[in-house]
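Report on the following structure.
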Amino acid sequence: MLGKVFVGSRVSKLDTGTPPERVSRVTLAVDGDSVYTVGDDTGRTVEKRLPWATQAMAESVLRRLQGVTYLPFSGEDALLDPAAEIGDGVTAGGVYSVLAKADVTFDGLYSADIAAPGGDEVEDEYPYKPRAQRESEREMAKIRSQILKTAESITLRVENEIDGLRGELTLTAERLAAEIENTAEGLSSRLELTASNFQVQINGLNNAYSNISQTVDSISLGVFNGSDSSTITLYKNGIAVQSQNITFTGAVTFNDLDGSAGTIIKGGAIDTDTLRVHSLYGDYIYIRDHYGGIAGTIYATSSSSYEGEKFQLQSAAIDLFAVAGDLYLHSGRTSIQITNGGDIQAAGNFIPESDARYTLGSSWFRWRDVYASNSQIVTSDREQKKDVGYGLERYEAFFDALRPVSYRLIDGQSGRTHLGLIAQDVEQSLTDCGLTDMDFAGLIRSPREDGGDDYALRYGEFIALLIAREQNLTARVQNLTDRVAELERRIAG
C-alpha cells in the first residue's frame with residue numbers, strides 16, 4: 001500500500017507547474033475484446049490494462065479520481081525519508097502531490113531531487129510502471145492459448161490459471177470434441193460429435209453428472225448422483241422413463257389414447273387437484289384424509305337384491321350436502337327427495353328393517369302433527385300376545401279416578417284449546433288405586449339427561465277401559481230394564 005511522506009520546508013528549491021485537466025473518463029481493458037469504460041470526454045481519460053477488471057471497478061476508480069487535481073512540481077535537495085517509494089504522496093513547502101521521481105544522493109543528509117512532472121514528461125522522461133501494472137503483466141502471463149495442428153487433428157486450448165479455467169476443442173476426421181473445466185468449483189462439461197452419435201455430459205462433485213445422447217433412432221437424457229439416477233429415452237417406437245420422482249409442471253395432455261389399448265399408471269398415489277376418469281377399477285377404493293388416514297371406503301361387491309354388482313360407500317360418518325338444490329335418492333321407481341325448503345318427500349313405503357324394533361320420534365324429538373287418510377293400525381293378533389285376561393274390574397276405581405282437563409300447549413302455534421289428561425295425574429291415580437306403570441302401559445315416562453323425566457300417554461290404552469265401562473253400564477241398564485218389565489207384569493197381573 002502506498003504511503004505519505006512529509007518534507008515540509010526541508011527542500012532548497014521548489015517550483016510548481018500548471019495542473020492538467022482533471023480525469024473525466026476511466027477505461028479498463030481486460031484484453032483486446034473486453035473493455036470497461038465509464039465517464040465522458042470533458043477531461044482527461046485514464047486507460048489501464050487489467051485482466052480482472054469489471055464495470056463496477058471502473059466506476060469506483062472514476063469516483064476516486066474525479067475530484068483529484070494533479071499538481072506538477074520539482075524540488076532540489078529535499079531531506080527525503082529513506083522509506084519513501086515512488087508513488088507515495090508527498091508534502092513539500094506547502095505543496096501536496098505525488099512522488100513520481102527521486103534522484104537520491106547517498107550523503108550524510110540522504111538528500112534527493114524530487115519531482116512530479118507534467119504529462120509528457122511522465123511518459124517520455126520518467127517512465128514508471130505502478131505495482132498494479134506490474135502485477136497485471138505477471139498475471140496475464142498465466143492466461144494463455146495454444147493451437148496444435150498435426151496431420152490427424154487440430155486442437156485449440158485456452159487456460160486461465162488465475163480462475164482455474166480450461167477449455168479445449170479437438171477436431172479429427174471422425175469426431176469433434178470440446179471440453180470446459182472449472183477446477184475451482186469442481187465442474188466440467190464435455191461435448192462429443194461423430195457421424196452416428198451426439199453426446200453432451202456435465203460433471204459435478206461427488207460423482208454427479210448429467211448427459212444428453214442422440215443417435216439416429218433414439219434420444220436419451222440422464223441425471224446421475226452417486227447411486228441415484230433418472231433417465232428418459234425416446235426410441236423410434238416408444239419411450240422409456242426410469243426415475244425415483246417425476247415432476248410435471250403445467251398441463252400434461254395425452255392424445256389419441258384408445259380405451260381398448262389401455263392406459264396404466266402404477267404407483268402408490270396420484271396427487272392432484274382434479275382427477276377426471278372414465279372408470280375406476282378395484283374391489284376396495286380408499287378415500288384418505290390429508291394425513292393419510294382412511295376416511296372412507298368404496299366397495300364393489302355382489303348384490304343380494306339384484307343379479308349383479310353393487311356399490312357401497314362406508315365411513316364413520318357421511319354427509320351428503322346439496323348447496324342450493326334438492327337431494328335425491330332413487331331406486332327404480334322409488335325415491336326420497338330432500339327439498340331445499342326443508343321437506344322430505346317419499347315415493348314409496350316407509351318400512352322398518354326389523355319388526356317391532358325401531359321408534360318413530362322420541363320424547364325429546366317429537367313430530368308436531370301426523371296426517372293420515374286412515375286410522376292407525378296397531379298389532380292385535382292373539383298369536384302375538386300372552387297372559388291374556390278378560391275382565392277389567394280392577395281398573396274400575398282407576399277409571400273413576402281419571403281427571404279429564406282442557407288445556408293449551410305452551411309451544412303451540414294455533415292457541416287452540418285441547419281436551420285430554422295430564423300424565424302426572426294419571427300416575428297419581430294409579431298410585432291411589434294400588435297400581436303401577438307396569439300394570440298400565442298407557443303411562444310413558446322417559447328419563448332425561450338432567451335426571452328428570454318426560455311424561456307422555458298412549459291414549460289407545462284408554463279405549464279398552466272405555467269399552468269395559470260402557471259394557472258394564474249397558475249390562476246394568478239391561479238388568480234394570482228387565483226388572484222394570486217384571487214389576488210391570490206383576491202389577492198388571
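A note on labels: chains of the C-alpha cells are A, B, ... as shown, every chain counts residues from 1, and ligands are counted from 1 in their shown order.
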
Assign secondary structure with DSSP using the backbone only, and return the residues of segment 218-447 of chain A in strand (DSSP E) as a PyMOL selection string. chain A and resi 218-225+228-235+238-242+284-288+294-302+309-314+327-331+334-338+344-347+405-407+418-420+443-447

May I have the residues within 12 Å of segment 301-304 of chain A as a PDB file with C-alpha atoms, in the first residue's frame, using only C-alpha atoms and disregarding those fewer than 5 positions away in the same chain?
```pdb
ATOM      1  CA  TYR A 281     -61.385 -50.418 -11.014  1.00  0.00           C
ATOM      2  CA  GLY A 282     -60.814 -52.179  -7.706  1.00  0.00           C
ATOM      3  CA  ASP A 283     -62.804 -54.128  -5.104  1.00  0.00           C
ATOM      4  CA  TYR A 284     -61.675 -51.617  -2.451  1.00  0.00           C
ATOM      5  CA  ILE A 285     -61.018 -47.923  -3.139  1.00  0.00           C
ATOM      6  CA  GLU A 309     -72.664 -55.903  -8.571  1.00  0.00           C
ATOM      7  CA  LYS A 310     -73.440 -53.208  -6.020  1.00  0.00           C
ATOM      8  CA  PHE A 311     -71.659 -50.052  -4.928  1.00  0.00           C
ATOM      9  CA  GLN A 312     -71.169 -49.455  -1.207  1.00  0.00           C
ATOM     10  CA  LEU A 313     -69.696 -46.364   0.466  1.00  0.00           C
TER      11      LEU A 313
END
```

Quick one: residues within 12 Å of segment 359-374 of chain A, only C-alpha atoms counted, chain neighbours fewer than 4 positions away excluded, as an NGL selection string? :A and (350-355 or 409 or 411-413 or 444-449 or 453-457)

If you count only C-alpha atoms, which residues fall within 7 Å of segment 5-13 of chain A, apart from same-chain ones fewer than 5 positions away, as JSON, numbers by chain? {"A": [75, 76, 77, 78, 79, 80, 84, 88, 89, 90, 91, 92, 93, 94]}

Atom CA of Ala83 of chain A to atom CA of Asp15 of chain A, distance in Å rounded to a single decimal: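 Going from atom CA of Ala83 of chain A over to atom CA of Asp15 of chain A covers 23.7 Å.
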
Gly460 of chain A environment, 12 Å, only C-alpha atoms, sequence neighbours closer than 5 positions dropped, as a list of chain:residue names: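 Final neighbour list, sorted by chain and number: A:Ser375, A:Gln376, A:Ile377, A:Val378, A:Phe440, A:Ala441, A:Gly442, A:Leu443, A:Leu465, A:Leu466, A:Ile467.
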